[in-house]
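So this block is protein.cif, mmCIF, C-alpha atoms:
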data_query
#
loop_
_atom_site.label_atom_id
_atom_site.label_comp_id
_atom_site.auth_asym_id
_atom_site.auth_seq_id
_atom_site.Cartn_x
_atom_site.Cartn_y
_atom_site.Cartn_z
CA MET A 9 -33.48 18.27 -73.96
CA HIS A 10 -32.09 20.39 -71.15
CA ARG A 11 -30.63 23.79 -72.05
CA ILE A 12 -27.36 24.47 -70.25
CA ALA A 13 -25.35 27.70 -70.21
CA VAL A 14 -21.63 26.92 -69.91
CA ILE A 15 -19.19 29.68 -68.97
CA THR A 16 -15.56 28.92 -69.78
CA TYR A 17 -12.72 31.41 -70.20
CA ASP A 18 -10.41 29.16 -72.20
CA ILE A 19 -11.50 26.88 -74.99
CA SER A 20 -9.37 25.36 -77.72
CA PRO A 21 -9.38 22.13 -79.75
CA PHE A 22 -5.63 22.50 -80.26
CA ARG A 23 -3.98 22.48 -76.83
CA GLY A 24 -3.48 19.78 -74.20
CA SER A 25 -4.55 22.04 -71.34
CA GLU A 26 -7.56 23.37 -69.47
CA ALA A 27 -8.71 24.79 -72.81
CA SER A 28 -8.92 21.33 -74.39
CA VAL A 29 -10.77 20.11 -71.29
CA SER A 30 -13.50 22.63 -72.08
CA TRP A 31 -13.50 21.56 -75.71
CA ASN A 32 -13.88 17.89 -74.77
CA PHE A 33 -16.70 18.81 -72.41
CA VAL A 34 -18.59 20.70 -75.13
CA THR A 35 -18.18 18.07 -77.84
CA LYS A 36 -19.25 15.24 -75.53
CA MET A 37 -22.09 17.05 -73.72
CA SER A 38 -23.64 18.37 -76.94
CA ARG A 39 -24.87 14.85 -77.69
CA HIS A 40 -27.16 15.01 -74.66
CA VAL A 41 -28.07 18.64 -73.93
CA HIS A 42 -28.37 21.96 -75.75
CA LEU A 43 -25.40 24.15 -74.82
CA THR A 44 -24.96 27.88 -74.90
CA VAL A 45 -21.22 28.37 -74.47
CA ILE A 46 -19.94 31.74 -73.28
CA TYR A 47 -16.21 31.71 -73.94
CA GLY A 48 -13.20 34.01 -74.08
CA ARG A 49 -12.58 35.10 -77.65
CA SER A 50 -8.83 35.49 -78.10
CA ASN A 51 -7.70 34.84 -81.66
CA ALA A 52 -9.06 34.26 -85.14
CA GLU A 53 -7.74 30.68 -85.28
CA ILE A 54 -10.20 29.40 -82.68
CA ASP A 55 -13.12 31.48 -84.00
CA ASP A 56 -12.45 30.31 -87.56
CA TYR A 57 -12.28 26.70 -86.38
CA ILE A 58 -15.61 27.02 -84.55
CA LYS A 59 -17.26 28.47 -87.66
CA ALA A 60 -15.77 25.79 -89.92
CA HIS A 61 -16.71 22.93 -87.57
CA PRO A 62 -20.23 23.57 -86.28
CA ILE A 63 -21.39 21.29 -83.48
CA GLU A 64 -25.04 20.33 -83.28
CA ASN A 65 -26.85 21.68 -80.20
CA VAL A 66 -24.12 24.24 -79.45
CA GLU A 67 -24.53 28.02 -79.56
CA TRP A 68 -21.30 30.01 -79.22
CA ILE A 69 -21.15 33.45 -77.58
CA GLY A 70 -17.66 34.93 -77.56
CA ILE A 71 -16.60 37.71 -75.20
CA GLN A 72 -13.32 39.33 -76.14
CA LYS A 73 -10.30 38.63 -73.95
CA LYS A 74 -7.81 41.46 -73.58
CA ASP A 75 -4.23 40.66 -74.48
CA VAL A 76 -1.57 41.11 -71.78
CA GLU A 77 1.45 39.87 -73.72
CA HIS A 78 2.63 43.40 -74.50
CA PHE A 79 3.05 44.07 -70.76
CA GLY A 80 5.97 41.64 -70.62
CA ARG A 81 6.43 38.97 -67.98
CA GLY A 82 6.31 39.42 -64.25
CA LEU A 83 4.16 41.30 -61.77
CA ARG A 84 2.99 43.92 -64.29
CA GLN A 85 1.58 41.25 -66.59
CA ASP A 86 0.05 39.38 -63.63
CA TYR A 87 -1.65 42.56 -62.43
CA TYR A 88 -3.22 43.36 -65.78
CA PHE A 89 -4.22 39.75 -66.40
CA SER A 90 -6.09 39.70 -63.06
CA LEU A 91 -7.71 43.05 -63.87
CA TYR A 92 -8.81 42.02 -67.36
CA TYR A 93 -9.85 38.55 -66.18
CA ARG A 94 -12.15 40.09 -63.59
CA GLN A 95 -13.63 42.44 -66.19
CA TRP A 96 -14.25 39.48 -68.48
CA HIS A 97 -16.12 37.69 -65.72
CA LYS A 98 -18.35 40.69 -65.13
CA GLU A 99 -19.27 40.70 -68.81
CA ALA A 100 -19.81 36.92 -68.79
CA ALA A 101 -22.11 37.14 -65.76
CA ALA A 102 -24.09 40.00 -67.32
CA THR A 103 -24.48 37.99 -70.52
CA ALA A 104 -25.57 34.86 -68.63
CA SER A 105 -28.06 36.90 -66.59
CA ARG A 106 -29.54 38.42 -69.73
CA LEU A 107 -29.85 34.98 -71.37
CA ALA A 108 -31.56 33.55 -68.28
CA SER A 109 -34.17 36.34 -68.41
CA GLU A 110 -34.75 36.26 -72.18
CA ARG A 111 -34.95 32.54 -72.88
CA ARG A 112 -35.21 29.18 -71.24
CA ILE A 113 -31.99 28.25 -69.45
CA ASP A 114 -32.23 25.19 -67.19
CA LEU A 115 -28.83 25.40 -65.49
CA ILE A 116 -25.60 27.43 -65.45
CA HIS A 117 -22.25 25.65 -65.24
CA TYR A 118 -19.05 27.60 -64.56
CA LEU A 119 -16.55 25.17 -66.00
CA ASN A 120 -13.00 26.54 -65.80
CA PRO A 121 -10.24 27.53 -65.16
CA ILE A 122 -10.07 25.42 -62.03
CA GLY A 123 -8.69 28.08 -59.68
CA PHE A 124 -11.01 29.49 -57.01
CA LYS A 125 -9.48 32.97 -56.70
CA GLU A 126 -11.74 34.43 -59.40
CA PRO A 127 -15.21 32.99 -58.76
CA GLY A 128 -16.90 35.53 -61.02
CA TRP A 129 -20.48 36.68 -60.38
CA LEU A 130 -22.55 33.85 -61.82
CA TRP A 131 -23.58 32.84 -58.30
CA GLN A 132 -25.73 35.98 -58.14
CA ILE A 133 -28.13 34.50 -60.71
CA LYS A 134 -30.70 32.81 -58.48
CA SER A 135 -33.35 31.77 -61.01
CA VAL A 136 -31.63 28.54 -62.15
CA PRO A 137 -29.29 25.94 -60.62
CA TYR A 138 -25.62 26.90 -60.50
CA VAL A 139 -22.79 24.35 -60.81
CA TRP A 140 -19.10 25.15 -60.35
CA GLY A 141 -16.19 22.93 -61.20
CA PRO A 142 -14.11 20.92 -61.33
CA LEU A 143 -12.27 23.47 -59.20
CA GLN A 144 -9.10 23.26 -57.17
CA GLY A 145 -8.74 24.73 -53.72
CA VAL A 146 -5.32 24.60 -52.11
CA ASP A 147 -2.84 21.77 -52.64
CA ASN A 148 0.17 23.00 -50.70
CA ARG A 149 3.66 22.19 -51.84
CA PRO A 150 5.17 19.89 -49.21
CA LEU A 151 7.63 21.75 -47.01
CA LYS A 152 9.10 18.43 -45.94
CA LEU A 153 10.69 18.41 -49.40
CA HIS A 154 12.08 21.93 -49.14
CA LYS A 155 15.43 20.68 -50.43
CA ALA A 156 13.80 20.06 -53.81
CA LEU A 157 12.32 23.55 -53.87
CA GLY A 158 15.52 25.40 -52.97
CA ALA A 159 15.65 28.50 -50.78
CA LYS A 160 13.61 30.77 -53.09
CA GLY A 161 11.14 28.01 -53.86
CA THR A 162 10.64 27.27 -50.17
CA ILE A 163 10.02 30.93 -49.36
CA SER A 164 7.58 31.09 -52.26
CA ALA A 165 5.83 27.92 -51.03
CA ILE A 166 5.44 29.38 -47.53
CA ILE A 167 4.05 32.66 -48.86
CA ARG A 168 1.77 30.78 -51.25
CA ARG A 169 0.55 28.58 -48.40
CA LEU A 170 -0.31 31.59 -46.23
CA VAL A 171 -1.93 33.64 -49.00
CA HIS A 172 -3.80 30.91 -50.86
CA ASN A 173 -5.02 29.11 -47.74
CA GLY A 174 -6.23 32.43 -46.36
CA LEU A 175 -8.05 33.29 -49.58
CA PHE A 176 -9.62 29.85 -49.78
CA ARG A 177 -11.02 30.23 -46.28
CA TYR A 178 -11.91 33.91 -46.13
CA PHE A 179 -12.21 35.53 -49.60
CA PRO A 180 -15.79 36.90 -49.39
CA ARG A 181 -16.78 36.40 -53.04
CA ALA A 182 -15.44 32.83 -53.10
CA ARG A 183 -17.27 32.04 -49.85
CA LYS A 184 -20.52 33.35 -51.33
CA ALA A 185 -20.00 31.33 -54.51
CA PHE A 186 -19.26 28.16 -52.51
CA ARG A 187 -22.42 28.64 -50.44
CA ARG A 188 -24.58 29.50 -53.45
CA ALA A 189 -23.50 26.60 -55.69
CA ASP A 190 -26.07 23.84 -55.97
CA ALA A 191 -23.26 21.41 -56.82
CA LEU A 192 -19.49 21.64 -56.57
CA PHE A 193 -17.03 19.43 -58.43
CA ALA A 194 -13.57 19.25 -56.84
CA ALA A 195 -10.48 18.43 -58.92
CA THR A 196 -8.34 17.03 -56.08
CA PRO A 197 -8.94 15.08 -52.87
CA ALA A 198 -7.50 18.00 -50.85
CA THR A 199 -10.13 20.31 -52.35
CA VAL A 200 -12.90 17.92 -51.33
CA ARG A 201 -11.56 17.93 -47.77
CA GLY A 202 -11.02 21.71 -47.75
CA LEU A 203 -14.55 22.51 -48.92
CA LYS A 204 -16.02 20.26 -46.25
CA ARG A 205 -13.75 21.49 -43.46
CA HIS A 206 -13.81 25.23 -44.11
CA HIS A 207 -17.13 25.75 -45.92
CA ARG A 208 -19.21 22.75 -44.82
CA ARG A 209 -19.88 21.85 -48.42
CA GLU A 210 -19.87 18.36 -49.85
CA ALA A 211 -18.15 18.22 -53.23
CA ILE A 212 -18.07 15.58 -55.95
CA TYR A 213 -14.52 14.45 -56.66
CA LEU A 214 -13.77 14.73 -60.36
CA PRO A 215 -10.30 15.48 -61.81
CA GLU A 216 -10.29 18.36 -64.27
CA ASN A 217 -8.72 16.18 -66.98
CA GLY A 218 -9.79 12.80 -68.26
CA ILE A 219 -9.18 10.14 -70.90
CA THR A 220 -10.75 10.78 -74.28
CA GLU A 221 -10.01 7.36 -75.71
CA MET A 222 -8.01 4.32 -74.66
CA GLU A 223 -5.28 3.51 -77.16
CA THR A 224 -4.90 -0.11 -76.11
CA ASP A 225 -6.56 -2.92 -74.22
CA LYS A 226 -3.33 -4.93 -74.01
CA PRO A 227 -1.15 -4.49 -70.92
CA VAL A 228 2.47 -3.36 -71.18
CA SER A 229 5.03 -6.00 -70.22
CA LEU A 230 8.71 -6.07 -69.31
CA ASP A 231 10.78 -9.06 -70.40
CA PRO A 232 13.23 -10.43 -67.78
CA ASP A 233 16.23 -9.62 -70.01
CA GLU A 234 14.92 -6.17 -70.97
CA ARG A 235 15.89 -2.84 -69.43
CA LEU A 236 13.19 -0.88 -67.65
CA ARG A 237 12.33 2.10 -69.84
CA MET A 238 11.01 5.10 -67.90
CA ILE A 239 9.75 8.49 -69.07
CA TRP A 240 9.47 11.91 -67.38
CA ILE A 241 7.78 14.97 -68.91
CA GLY A 242 7.99 18.55 -67.62
CA GLY A 243 9.99 21.75 -67.47
CA LEU A 244 13.60 20.90 -66.63
CA ASP A 245 14.13 24.22 -64.90
CA VAL A 246 10.75 24.47 -63.15
CA LYS A 247 11.32 24.08 -59.40
CA ARG A 248 7.95 22.50 -58.62
CA LYS A 249 8.70 19.71 -61.12
CA ALA A 250 11.48 18.61 -58.71
CA VAL A 251 14.03 17.39 -61.23
CA GLY A 252 16.70 17.36 -58.53
CA LEU A 253 14.61 15.07 -56.32
CA LEU A 254 14.23 12.58 -59.16
CA LEU A 255 17.94 12.70 -59.92
CA ASP A 256 18.79 12.02 -56.27
CA ALA A 257 16.40 9.04 -56.37
CA LEU A 258 17.94 7.67 -59.56
CA LEU A 259 21.42 7.94 -58.03
CA LYS A 260 20.23 5.57 -55.30
CA VAL A 261 18.96 2.88 -57.70
CA LYS A 262 21.14 -0.20 -57.25
CA SER A 263 20.40 -1.91 -60.56
CA ASP A 264 21.81 -0.62 -63.83
CA GLN A 265 19.06 -2.23 -65.92
CA TRP A 266 17.13 0.94 -66.67
CA THR A 267 17.00 4.05 -68.83
CA ILE A 268 14.88 7.20 -68.64
CA SER A 269 13.87 9.71 -71.31
CA TRP A 270 13.21 13.31 -70.28
CA PHE A 271 11.05 15.64 -72.36
CA GLY A 272 10.39 19.33 -71.73
CA ASN A 273 11.48 22.94 -71.96
CA GLY A 274 14.45 24.45 -70.18
CA THR A 275 17.89 23.29 -69.19
CA LEU A 276 19.25 21.60 -66.10
CA SER A 277 20.94 23.70 -63.46
CA GLU A 278 24.67 23.23 -62.96
CA ALA A 279 24.09 21.09 -59.84
CA ASN A 280 21.54 18.88 -61.59
CA SER A 281 23.75 18.56 -64.66
CA LYS A 282 26.50 17.18 -62.46
CA LYS A 283 24.08 14.67 -60.93
CA ALA A 284 22.89 13.59 -64.37
CA ALA A 285 26.50 13.11 -65.52
CA ARG A 286 27.05 10.59 -62.70
CA LEU A 287 24.33 8.31 -64.11
CA ASN A 288 26.52 6.98 -66.90
CA GLY A 289 24.34 8.03 -69.82
CA LYS A 290 21.17 6.37 -68.57
CA ILE A 291 19.28 9.66 -68.96
CA ASN A 292 18.27 10.76 -72.45
CA ILE A 293 17.42 14.48 -72.27
CA CYS A 294 15.27 15.07 -75.35
CA GLY A 295 14.23 18.69 -74.71
CA LYS A 296 11.18 20.21 -76.34
CA VAL A 297 10.04 18.11 -79.28
CA PRO A 298 6.77 17.74 -81.22
CA ARG A 299 3.96 16.29 -79.12
CA GLU A 300 3.63 13.15 -81.26
CA GLN A 301 7.29 12.32 -80.62
CA VAL A 302 6.64 12.47 -76.87
CA GLN A 303 3.55 10.28 -77.26
CA GLU A 304 5.48 7.74 -79.30
CA ALA A 305 8.22 7.56 -76.65
CA MET A 306 5.57 7.04 -74.01
CA ARG A 307 4.09 4.13 -75.97
CA HIS A 308 7.47 2.38 -75.74
CA SER A 309 7.91 3.00 -72.00
CA HIS A 310 7.26 0.70 -69.06
CA LEU A 311 6.91 3.28 -66.29
CA HIS A 312 5.91 6.95 -66.25
CA ILE A 313 7.29 9.11 -63.43
CA ILE A 314 5.83 12.30 -61.95
CA SER A 315 8.07 14.00 -59.42
CA SER A 316 6.13 17.27 -59.27
CA LEU A 317 5.50 18.98 -55.94
CA GLY A 318 2.56 21.03 -57.19
CA GLU A 319 -0.10 20.14 -59.78
CA ALA A 320 -3.82 19.77 -60.04
CA THR A 321 -4.07 16.58 -62.10
CA THR A 322 -1.53 16.80 -64.88
CA THR A 323 -2.63 15.87 -68.39
CA VAL A 324 0.33 13.53 -68.92
CA LEU A 325 -1.00 11.19 -66.22
CA PHE A 326 -4.10 10.47 -68.32
CA GLU A 327 -2.05 10.29 -71.51
CA ALA A 328 0.03 7.54 -69.89
CA MET A 329 -3.10 5.75 -68.66
CA ALA A 330 -4.58 5.81 -72.18
CA LYS A 331 -1.53 3.82 -73.30
CA GLY A 332 -1.69 1.39 -70.37
CA ILE A 333 1.48 2.82 -68.80
CA PRO A 334 1.63 2.76 -64.96
CA THR A 335 2.80 5.88 -63.13
CA MET A 336 5.02 6.40 -60.09
CA THR A 337 4.16 9.64 -58.32
CA LEU A 338 4.30 11.40 -54.99
CA ASP A 339 1.14 10.78 -52.97
CA HIS A 340 -0.39 14.25 -53.18
CA CYS A 341 -2.30 16.73 -55.39
CA GLY A 342 -4.56 15.29 -58.06
CA MET A 343 -2.30 12.28 -58.57
CA ALA A 344 -3.22 11.02 -55.10
CA GLY A 345 -6.83 10.57 -56.20
CA VAL A 346 -6.14 8.94 -59.56
CA VAL A 347 -3.21 6.58 -58.93
CA CYS A 348 -3.88 3.61 -56.66
CA ASP A 349 -1.90 0.50 -55.71
CA ARG A 350 -3.49 -1.44 -58.57
CA CYS A 351 -2.42 0.93 -61.34
CA GLY A 352 0.72 2.65 -60.10
CA ILE A 353 3.14 3.41 -57.31
CA LYS A 354 2.51 6.22 -54.80
CA ILE A 355 5.39 7.50 -52.72
CA PRO A 356 4.40 8.80 -49.25
CA ILE A 357 5.65 12.31 -48.53
CA GLU A 358 8.09 11.96 -45.66
CA SER A 359 11.60 13.40 -45.41
CA TYR A 360 13.58 14.17 -48.57
CA ASP A 361 15.93 11.23 -47.96
CA ASN A 362 13.05 8.86 -47.30
CA VAL A 363 11.25 9.89 -50.48
CA THR A 364 14.29 9.50 -52.71
CA SER A 365 15.19 6.17 -51.08
CA ARG A 366 11.63 4.89 -51.50
CA MET A 367 11.54 5.92 -55.16
CA ALA A 368 14.84 4.14 -55.80
CA ALA A 369 13.68 1.03 -53.93
CA GLU A 370 10.48 0.88 -55.99
CA ILE A 371 12.42 1.13 -59.25
CA ASP A 372 14.73 -1.67 -58.07
CA ARG A 373 11.66 -3.73 -57.08
CA VAL A 374 10.12 -3.42 -60.54
CA ILE A 375 13.42 -4.36 -62.20
CA ALA A 376 13.80 -7.40 -59.91
CA ARG A 377 10.18 -8.44 -60.51
CA PRO A 378 9.44 -7.54 -64.17
CA GLU A 379 6.01 -9.19 -63.94
CA LEU A 380 4.93 -6.18 -61.85
CA VAL A 381 4.88 -4.01 -64.98
CA LYS A 382 2.22 -6.20 -66.58
CA LYS A 383 0.25 -6.44 -63.34
CA LEU A 384 0.24 -2.67 -62.86
CA SER A 385 -0.57 -2.10 -66.53
CA GLU A 386 -3.58 -4.40 -66.21
CA GLY A 387 -4.62 -2.25 -63.26
CA VAL A 388 -4.25 0.90 -65.39
CA ILE A 389 -6.59 -0.51 -68.04
CA GLU A 390 -9.11 -1.43 -65.34
CA CYS A 391 -8.89 1.86 -63.42
CA SER A 392 -8.98 3.97 -66.58
CA ARG A 393 -12.71 3.31 -66.93
CA LYS A 394 -13.40 5.69 -64.04
CA PHE A 395 -11.68 8.54 -65.86
CA MET A 396 -13.06 8.13 -69.38
CA TRP A 397 -14.76 11.26 -70.67
CA ASP A 398 -17.93 9.33 -71.51
CA ASN A 399 -18.29 8.28 -67.85
CA ARG A 400 -17.60 11.84 -66.67
CA ILE A 401 -20.41 13.08 -68.89
CA GLY A 402 -22.78 10.65 -67.20
CA LEU A 403 -21.88 12.15 -63.82
CA PHE A 404 -22.54 15.67 -65.09
CA LEU A 405 -25.86 14.67 -66.66
CA ASP A 406 -27.07 12.94 -63.49
CA THR A 407 -26.19 16.02 -61.44
CA TYR A 408 -27.92 18.35 -63.90
CA ALA A 409 -31.11 16.27 -63.94
CA ARG A 410 -31.27 16.11 -60.14
CA LEU A 411 -30.80 19.85 -59.69
CA ILE A 412 -33.22 20.82 -62.47
CA ASP A 413 -35.90 18.56 -60.98
CA GLN A 414 -35.34 20.12 -57.56
CA TYR A 415 -35.80 23.65 -58.93
CA ARG A 416 -38.91 22.70 -60.90
CA SER A 417 -40.50 21.10 -57.84
CA CYS A 418 -40.05 24.25 -55.74
#
Now, as a test, write the supplied structure out as structure tokens.
Amino acid sequence: MHRIAVITYDISPFRGSEASVSWNFVTKMSRHVHLTVIYGRSNAEIDDYIKAHPIENVEWIGIQKKDVEHFGRGLRQDYYFSLYYRQWHKEAAATASRLASERRIDLIHYLNPIGFKEPGWLWQIKSVPYVWGPLQGVDNRPLKLHKALGAKGTISAIIRRLVHNGLFRYFPRARKAFRRADALFAATPATVRGLKRHHRREAIYLPENGITEMETDKPVSLDPDERLRMIWIGGLDVKRKAVGLLLDALLKVKSDQWTISWFGNGTLSEANSKKAARLNGKINICGKVPREQVQEAMRHSHLHIISSLGEATTTVLFEAMAKGIPTMTLDHCGMAGVVCDRCGIKIPIESYDNVTSRMAAEIDRVIARPELVKKLSEGVIECSRKFMWDNRIGLFLDTYARLIDQYRSC
């Protein structure tokens, strides 16, 4: 059985986030390899859970994370988080290096978070294969849709584009880590292209999230006399979630045979509240509710909508797929690689007016042809196989075996 050292900053069995991605990875991979997991120790809840629920073939090594909550929000907190995060990575690399010298370690895998701006120092360990990812490079927020971002959001997107693109291309430590990695997993299609274009590295496309278990093998259907039930999940006041863009699209829908439920933190801006009021009560703003309530609403939906202008591959996409629910999304970020014409509706990023008109036209098309819901749902069930965690584990294992054999033959 191969012995793999996994370095992951965030790990938690409780949260639907990058942390739960790491947890899924560990619980699935432990059936096939022996894992030494170096993780960020943050609170007693997770440590107590790990002790109370031992996993065969897993050794846990916790390195304390420093709390930044007392610094408040804003630049001060961001500064100290970056400082402490870098310090944590130095300790993690030192621990991994010591382990590699003291015992048999066949491979090191730097698992997450998916950002590239803190590559750590694991790439300096040359005695064993080094795998990084899934990681995300730069998925720029589309400036063609600047109206959805607003003035401040557009300025932020421009600055982010300049800074992040520059770091992705030229940050010395990231460049060294990219070159050193024996295998790179990329979370979005744009990251695959960016690694090849700017670093001449081939990467394996693999979204950072996946489907743990399918909840159904029966496709969703829409009866001809039934209203189309849609669902949207996200922060109502988060600019990149583009609530205003979705509202402008819904105002262009010709049919009145639809409803949409919105779940998430925050409140609508005054302008968006006025738009919502013009939709004659078709929007049910549910706010922040328990997760199971959101999941139950999704189970009774026909179409899931993502209007976000900036994501990696959002967890809710895979939650919808697990229930057989097709998704309509903009054709970018991680969604571009997961959603295809068989299992959803992708909206090309053109002008703001074109995007909102196309979204409205697609909603009208589904209402006019209710059989499309079942057809797309059948496609979701078929396409979901590619994103099941068990299949992802097979890809990791094949990569590990290939790299370990290469090192042993040298």
Neighbour list for Ser392 in chain A as a ChimeraX atom specification, cut-off 12 Å, only C-alpha atoms, skip fewer than 2 positions in-chain: /A:218-225,325-334,346-348,350-352,384-390,394-400
Any chance you can output those residues with C-alpha atoms as a JSON list (two decimals), in the frame of the given file?
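The result, stored in out_11.json:
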[["chain", "number", "residue", "atom", "x", "y", "z"],
["A", 218, "GLY", "CA", -9.79, 12.80, -68.26],
["A", 219, "ILE", "CA", -9.18, 10.14, -70.90],
["A", 220, "THR", "CA", -10.75, 10.78, -74.28],
["A", 221, "GLU", "CA", -10.01, 7.36, -75.71],
["A", 222, "MET", "CA", -8.01, 4.32, -74.66],
["A", 223, "GLU", "CA", -5.28, 3.51, -77.16],
["A", 224, "THR", "CA", -4.90, -0.11, -76.11],
["A", 225, "ASP", "CA", -6.56, -2.92, -74.22],
["A", 325, "LEU", "CA", -1.00, 11.19, -66.22],
["A", 326, "PHE", "CA", -4.10, 10.47, -68.32],
["A", 327, "GLU", "CA", -2.05, 10.29, -71.51],
["A", 328, "ALA", "CA", 0.03, 7.54, -69.89],
["A", 329, "MET", "CA", -3.10, 5.75, -68.66],
["A", 330, "ALA", "CA", -4.58, 5.81, -72.18],
["A", 331, "LYS", "CA", -1.53, 3.82, -73.30],
["A", 332, "GLY", "CA", -1.69, 1.39, -70.37],
["A", 333, "ILE", "CA", 1.48, 2.82, -68.80],
["A", 334, "PRO", "CA", 1.63, 2.76, -64.96],
["A", 346, "VAL", "CA", -6.14, 8.94, -59.56],
["A", 347, "VAL", "CA", -3.21, 6.58, -58.93],
["A", 348, "CYS", "CA", -3.88, 3.61, -56.66],
["A", 350, "ARG", "CA", -3.49, -1.44, -58.57],
["A", 351, "CYS", "CA", -2.42, 0.93, -61.34],
["A", 352, "GLY", "CA", 0.72, 2.65, -60.10],
["A", 384, "LEU", "CA", 0.24, -2.67, -62.86],
["A", 385, "SER", "CA", -0.57, -2.10, -66.53],
["A", 386, "GLU", "CA", -3.58, -4.40, -66.21],
["A", 387, "GLY", "CA", -4.62, -2.25, -63.26],
["A", 388, "VAL", "CA", -4.25, 0.90, -65.39],
["A", 389, "ILE", "CA", -6.59, -0.51, -68.04],
["A", 390, "GLU", "CA", -9.11, -1.43, -65.34],
["A", 394, "LYS", "CA", -13.40, 5.69, -64.04],
["A", 395, "PHE", "CA", -11.68, 8.54, -65.86],
["A", 396, "MET", "CA", -13.06, 8.13, -69.38],
["A", 397, "TRP", "CA", -14.76, 11.26, -70.67],
["A", 398, "ASP", "CA", -17.93, 9.33, -71.51],
["A", 399, "ASN", "CA", -18.29, 8.28, -67.85],
["A", 400, "ARG", "CA", -17.60, 11.84, -66.67]]
Interatomic distance, CA of Lys125 in chain A to CA of Gly242 in chain A (Å, one decimal):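 Distance reported for this atom pair: 25.1 Å.
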The PyMOL selection byres ((chain A and resi 362) around 12) applied to the shown file, residues as a PyMOL selection string: chain A and resi 152-153+253+256-257+260+338+355-361+363-369
Given only C-alpha atoms as the counted atoms, nearest of A:Val246, A:Ile241, A:Lys73, A:Leu254 to Val297 in chain A: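 When distances to Val297 in chain A are compared using only C-alpha atoms, the smallest one comes from A:Ile241.
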All residues 6 Å or closer to Ile268 in chain A, all atoms listed in the file, same chain fewer than 5 positions away omitted, as a list of chain:residue names: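 In the requested format, the answer is A:Arg237, A:Met238, A:Ile239, A:Ile291.
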Length of the CA of Ile353 in chain A to CA of Lys383 in chain A vector [Å]: 11.9 Å
Hits from the PyMOL selection byres ((chain A and resi 71) around 6), listed as a list of chain:residue names: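 Taken on the displayed file, the PyMOL selection byres ((chain A and resi 71) around 6) yields the residues A:Gly48, A:Arg49, A:Gly70, A:Gln72.
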Let me know the centre plus edge lengths, in Å and rounded to one decimal, of a box with edges along x, y and z that contains all listed atoms of range 312-317 of chain A and is padded by 8 Å on every side, as AutoDock Vina command-line options.
--center_x 6.8 --center_y 13.0 --center_z -61.1 --size_x 18.6 --size_y 28.0 --size_z 26.3
Evaluate the PyMOL selection byres ((chain A and resi 313) around 7) and report residues as an mmCIF file with C-alpha atoms, keeping the file's coordinate frame:
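This is the output file result.cif:
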data_model
loop_
_atom_site.group_PDB
_atom_site.id
_atom_site.type_symbol
_atom_site.label_atom_id
_atom_site.label_comp_id
_atom_site.auth_asym_id
_atom_site.auth_seq_id
_atom_site.Cartn_x
_atom_site.Cartn_y
_atom_site.Cartn_z
ATOM 1 C CA ILE A 239 9.750 8.490 -69.070
ATOM 2 C CA TRP A 240 9.470 11.910 -67.380
ATOM 3 C CA LEU A 311 6.910 3.280 -66.290
ATOM 4 C CA HIS A 312 5.910 6.950 -66.250
ATOM 5 C CA ILE A 314 5.830 12.300 -61.950
ATOM 6 C CA SER A 315 8.070 14.000 -59.420
ATOM 7 C CA THR A 335 2.800 5.880 -63.130
ATOM 8 C CA MET A 336 5.020 6.400 -60.090
ATOM 9 C CA THR A 337 4.160 9.640 -58.320
#
CA of His340 in chain A to CA of Thr322 in chain A, distance in Å rounded to a single decimal: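 Computed distance, CA of His340 in chain A to CA of Thr322 in chain A, equals 12.0 Å.
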Nearest residue to Gln301 in chain A from the set A:Ala159, A:Ser269, A:Ala165, A:Lys283 (distances using only C-alpha atoms): A:Ser269
Option closest in space to Ile412 in chain A, from A:Ala52, A:Arg39, A:Asp190, A:Ser90 [counting all atoms listed in the file]: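 Under the stated criterion, the closest residue is A:Asp190.
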Neighbour list for Ile401 in chain A as a PyMOL selection string, cut-off 8 Å, only C-alpha atoms, skip fewer than 5 positions in-chain: chain A and resi 33+36-37
Same residues, C-alpha atoms, output as a PDB file, keeping the file's coordinate frame:
ATOM      1  CA  PHE A  33     -16.700  18.810 -72.410  1.00  0.00           C
ATOM      2  CA  LYS A  36     -19.250  15.240 -75.530  1.00  0.00           C
ATOM      3  CA  MET A  37     -22.090  17.050 -73.720  1.00  0.00           C
TER       4      MET A  37
END
Among the residues A:Ala376, A:Leu143, A:Leu317, A:Leu175, the one that comes closest to Tyr213 in chain A [using only C-alpha atoms]: A:Leu143
Test item: which residues lie within 10 Å of (-24.2, 22.2, -83.4) counting only C-alpha atoms, as an MDAnalysis selection string: chainID A and resid 35 38:39 42:43 58 61:68
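Ranking A:Pro127, A:Pro142, A:Gly289, A:Gly342 by their shortest atom-to-atom distance to Arg188 in chain A, with only C-alpha atoms included, puts A:Pro127 first.
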